[in-house]
Structures are given as structure tokens and as C-alpha cells.
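Single-structure report; data block below.
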Amino acid sequence: MALDIKIFAPQWGSNELPAEIFVAKVKAAGFDGIEMSVPADAEVRADWAARMADAGLQLIAAQWETVFHPRFDEHKAALGRLLRNACEARPVLVNSHTGKDWYTREQNLELLALADGIAREYGVPIVHEIHRSRFSGHPMLLLPYLRELPQLALTADLSHWCCACESLLEDQPDTLAATLPRVRHIHARVGHPQGPQVADFRAPEHADALAAHLNWWDQVVELRRAAGDTLMTITPEFGPAPYTQTLPYTQQPVTNAWELNVAMKDLLKARYGNH
């Protein structure tokens with residue numbers, strides 16, 4: 001059976017739009033679903049779910065709000081609450097911002113075990129995003145967890161490692177060889193050695209960065225196909241300011257993040273078609 005690749009639109013950057021407007025916008029742009037933080041209010045959550053179902057859109061639940069809880073005990077309590085709320089929406093998967101790069105190994109393992117238990121309880125995959133300041137914020141932070149937790153699944157947002165390692169990871173083939181087989185979801189944003197988001201991935205000055213990211217994503221797609229998976233999910237995730245660079249003084253964004261996400265969706269659909 002072919003690998004079905006679904007492209008999701010990020011709600012990030014469009015949070016101010018009501019459900020009926022954003023769902024229609026996503027559908028019109030040709031995305032397959034939405035990646036968003038799941039509302040805590042059951043009625044609001046049900047409204048989003050109904051509108052998405054009517055539009056034929058799938059859901060990836062994003063859990064990022066633990067960033068507001070730096071103290072470990074508060075972080076753990078929030079993680080459990082937020083992951084359960086996300087799983088209640090029955091998404092394709094939950095993408096979680098988990099732990100901190102300054103938590104101890106034991107603390108981060110405790111959080112990962114909590115997430116694994118909730119995933120099993122609900123039967124919903126929970127994947128952990130590669131992201132600066134999380135437990136996965138640098139390759140040398142993540143690799144020990146990969147060795148210790150054979151089932152640990154990741155969201156590849158390798159733009160963060162480009163920034164953290166000040167490179168396009170060309171000097172770390174072994175790191176990538178250990179990491180890419182664990183990827184179950186991709187955030188398709190293009191980073192560069194000095195930051196997590198290029199101004200416009202279509203610009204010729206960013207050709208090398210785009211080529212590096214496409215190569216990583218190609219490898220992930222082939223790994224999932226070889227493993228016999230039937231579904232692969234990708235979310236273009238160019239973000240609003242300050243991820244999108246702004247002009248000095250006026251703070252005018254130099255590009256439009258939504259337009260970049262639509263353009264990346266088009267590139268990925270043309271590149272992968274029906275695997």
C-alpha cells in the first residue's frame with residue numbers, strides 16, 4: 001500500500017480567526033487538515049471538530065502551552081492535563097513540546113513516561129517536537145534519550161538544530177542517521193545557521209538551506225515507506241513575527257507567513273504526490 005502524505009495547515013499565526021473563517025481558509029488553500037492547540041472548553045472543541053469534519057479536514061493536536069510552566073512540578077501537571085485534553089479530540093496525533101533543556105535527565109524521562117502512558121491510555125500517538133530549549137533542543141541532548149527509549153517518536157523541526165548547531169548539519173551524518181528513523185511528523189520550516197526561519201525559502205540565497213531540509217524530509221518519507229507505514233503527516237510551519245523577520249523601526253514583516261506555508265504545501269504535494 002502506498003504511503004499517504006497529508007499536509008496540515010498551522011493555526012499558529014492565525015489564532016485570531018474564528019473557527020468558521022479559518023476552516024474555510026484552510027480548505028480553500030488545499031490543505032488536508034489543521035495543526036492547532038485544542039480548546040479546553042468542550043463546547044468550543046466540539047464546534048471546531050464539527051466544522052473540520054464537515055470540511056473533510058483532519059486534526060493534529062499541538063501541545064505547546066507547557067512553555068508557560070517552567071517549574072518542573074507545574075510543568076508535569078500541565079503536561080498531563082494538556083495531553084489528555086488534546087487526546088480527547090481524537091486527533092491523528094499529538095505534537096508535544098515536552099520538558100526543558102535544563103531539566104535533569106530523570107525529570108525529562110519522567111515527563112516522557114507520562115506522555116507514553118497517556119498515549120497508551122487513549123490510543124493516540126504522541127510525538128515530541130525537536131525544538132530549542134526542550135529536552136531535544138540540541139542533538140547531543142537528544143541522542144541519549146533515543147538510546148534509552150527505543151519507542152520515542154519525534155516531530156522533526158530541524159530548523160531548530162540548524163540554529164543551535166550553527167550549521168546545516170552537514171558535519172553530523174551520524175546524528176541524522178540516529179534521529180530520522182524516529183520521525184513520525186515533520187514541521188516543514190526552513191532554518192539556517194543563524195536562525196530557525198529563512199525570510200523566504202523560494203529566494204535563491206536560501207537554495208542551500210532548502211536543499212538540506214528537502215533532503216532530510218525525503219529521507220524521512222522513504223524511511224516511513226520502507227517501514228510499511230500508510231500515513232505520513234507534514235505541517236508547513238513558517239511563523240509570524242518575530243519568526244518572520246521585520247524591518248527596523250516600522251516592524252513591518254518582510255514576508256507573509258501564511259503565503260509561505262501555502263507555497264510550501266504546494267511544493268510538498270508536487271514533490272511527493274501519492275507515495
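By order in the C-alpha cells, chains are A, B, ...; within a chain, residues start at 1; ligands start at 1, following the order shown.
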Residues at most 8 Å from A:Pro125, counting only C-alpha atoms, excluding those fewer than 4 positions away in the same chain, as a PDB file with C-alpha atoms, in the first residue's frame?
ATOM      1  CA  VAL A  92      -4.338  11.886  14.079  1.00  0.00           C
ATOM      2  CA  LEU A  93      -1.535  12.523  16.574  1.00  0.00           C
ATOM      3  CA  VAL A  94      -0.465  14.947  19.283  1.00  0.00           C
ATOM      4  CA  ALA A 119      -0.767   7.837  24.549  1.00  0.00           C
ATOM      5  CA  ARG A 120      -1.429   4.225  25.528  1.00  0.00           C
TER       6      ARG A 120
END
**Fill in**
Using only C-alpha atoms, the best pick from A:Gly80, A:Ala188, A:Thr235, A:Arg147 as closest to A:Ile60 would be A:Thr235
**Neighbour list for stretch 200-209 of chain A as a ChimeraX atom specification, cut-off 10 Å, only C-alpha atoms, skip fewer than 6 positions in-chain** = /A:159,162,167-168,189-193,215,238,244-245,254-257,259-260,263-264
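Here atom CA of A:Gly33 stands at a distance of 27.5 Å from atom CA of A:Gly195.
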**Non-local contacts of A:Ser96 (9 Å; only C-alpha atoms; under 3 positions in same chain excluded) as a ChimeraX atom specification** = /A:61-64,79,83,115,126-129,155
**Request:** Going by DSSP on the backbone, which bits of stretch 1-142 of chain A are alpha helix (DSSP H)? Write them as a PyMOL selection string, please.
**Result:** chain A and resi 19-29+42-55+72-88+105-122+139-142
**Request:** Would you please give, as a ChimeraX atom specification, all residues of stretch 153-256 of chain A that DSSP assigns to strand (DSSP E) based on the backbone?
**Result:** /A:154-156,183-187,231-235
**Message:** With distances taken over only C-alpha atoms, which residue among A:Pro236, A:Pro253, A:Pro248, A:Pro70 lies nearest A:Ala199?
**Reply:** A:Pro253
**Message:** Nearest residue to A:Gly273 out of A:Ala227, A:Val198, A:Leu3, A:Ala241, using only C-alpha atoms?
**Reply:**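 Selected residue with least distance to A:Gly273: A:Leu3.
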**Item:** Separation of atom CA of A:Arg184 from atom CA of A:Thr230 in Å
**Value:** 11.5 Å
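For the pair atom CA of A:Phe68 and atom CA of A:Val44, the interatomic distance is 22.1 Å.
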**Asked** Near A:Gln172, within 12 Å and counting only C-alpha atoms, which residues show up once chain neighbours fewer than 6 positions away are dropped, as a list in words?
**Response**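 The residues that qualify are His138, Pro139, Met140, Trp161, Cys162, Cys165, Glu166, Ala178 and Thr179 of chain A.
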Can you spit out the residues from that selection as a CSV table (one decimal), in the first residue's frame, using all heavy atoms?
chain,number,residue,atom,x,y,z
A,138,HIS,N,19.1,20.2,21.3
A,138,HIS,CA,20.4,20.1,20.7
A,138,HIS,C,20.6,18.6,20.5
A,138,HIS,O,20.2,17.8,21.3
A,138,HIS,CB,21.5,20.7,21.5
A,138,HIS,CG,22.9,20.7,20.9
A,138,HIS,ND1,23.7,19.6,20.8
A,138,HIS,CD2,23.5,21.7,20.2
A,138,HIS,CE1,24.8,19.9,20.2
A,138,HIS,NE2,24.7,21.2,19.8
A,139,PRO,N,21.3,18.2,19.4
A,139,PRO,CA,21.5,16.8,19.1
A,139,PRO,C,22.1,16.0,20.3
A,139,PRO,O,21.7,14.9,20.6
A,139,PRO,CB,22.4,16.7,17.9
A,139,PRO,CG,22.1,18.0,17.2
A,139,PRO,CD,21.8,19.0,18.2
A,140,MET,N,23.1,16.6,20.9
A,140,MET,CA,23.8,15.9,22.0
A,140,MET,C,22.9,15.8,23.2
A,140,MET,O,23.2,14.9,24.1
A,140,MET,CB,25.1,16.6,22.3
A,140,MET,CG,26.1,16.5,21.2
A,140,MET,SD,26.4,14.8,20.7
A,140,MET,CE,25.5,14.7,19.1
A,161,TRP,N,17.7,22.8,15.1
A,161,TRP,CA,19.1,22.3,15.2
A,161,TRP,C,20.0,23.1,14.3
A,161,TRP,O,21.2,23.3,14.6
A,161,TRP,CB,19.1,20.8,14.9
A,161,TRP,CG,18.7,20.0,16.0
A,161,TRP,CD1,18.3,20.4,17.3
A,161,TRP,CD2,18.7,18.5,16.0
A,161,TRP,NE1,18.0,19.3,18.0
A,161,TRP,CE2,18.3,18.1,17.3
A,161,TRP,CE3,19.0,17.6,15.1
A,161,TRP,CZ2,18.1,16.8,17.7
A,161,TRP,CZ3,18.8,16.2,15.4
A,161,TRP,CH2,18.4,15.8,16.7
A,162,CYS,N,19.5,23.6,13.2
A,162,CYS,CA,20.4,24.4,12.3
A,162,CYS,C,20.9,25.6,13.1
A,162,CYS,O,22.0,26.0,13.1
A,162,CYS,CB,19.6,24.9,11.1
A,162,CYS,SG,19.2,23.6,9.9
A,165,CYS,N,23.1,24.5,16.3
A,165,CYS,CA,24.4,24.0,15.9
A,165,CYS,C,25.2,24.9,14.9
A,165,CYS,O,26.3,24.6,14.5
A,165,CYS,CB,24.3,22.6,15.2
A,165,CYS,SG,23.6,21.3,16.3
A,166,GLU,N,24.5,26.0,14.5
A,166,GLU,CA,25.1,27.0,13.6
A,166,GLU,C,25.7,26.3,12.4
A,166,GLU,O,26.8,26.6,11.9
A,166,GLU,CB,26.2,27.7,14.4
A,166,GLU,CG,26.5,29.1,13.8
A,166,GLU,CD,27.5,30.0,14.6
A,166,GLU,OE1,28.3,29.3,15.3
A,166,GLU,OE2,27.4,31.2,14.6
A,178,ALA,N,20.8,8.6,13.3
A,178,ALA,CA,20.1,8.1,14.6
A,178,ALA,C,18.7,8.7,14.8
A,178,ALA,O,17.8,8.1,15.4
A,178,ALA,CB,21.0,8.4,15.8
A,179,THR,N,18.5,9.9,14.3
A,179,THR,CA,17.3,10.7,14.5
A,179,THR,C,16.2,10.5,13.5
A,179,THR,O,15.0,10.3,13.9
A,179,THR,CB,17.7,12.2,14.6
A,179,THR,OG1,18.7,12.4,15.6
A,179,THR,CG2,16.4,13.0,14.9
**Request:** Between A:Ala53, A:Val67, A:Ala86, A:Ala40, single out the one closest to A:Glu20, counting only C-alpha atoms.
**Result:** A:Ala53
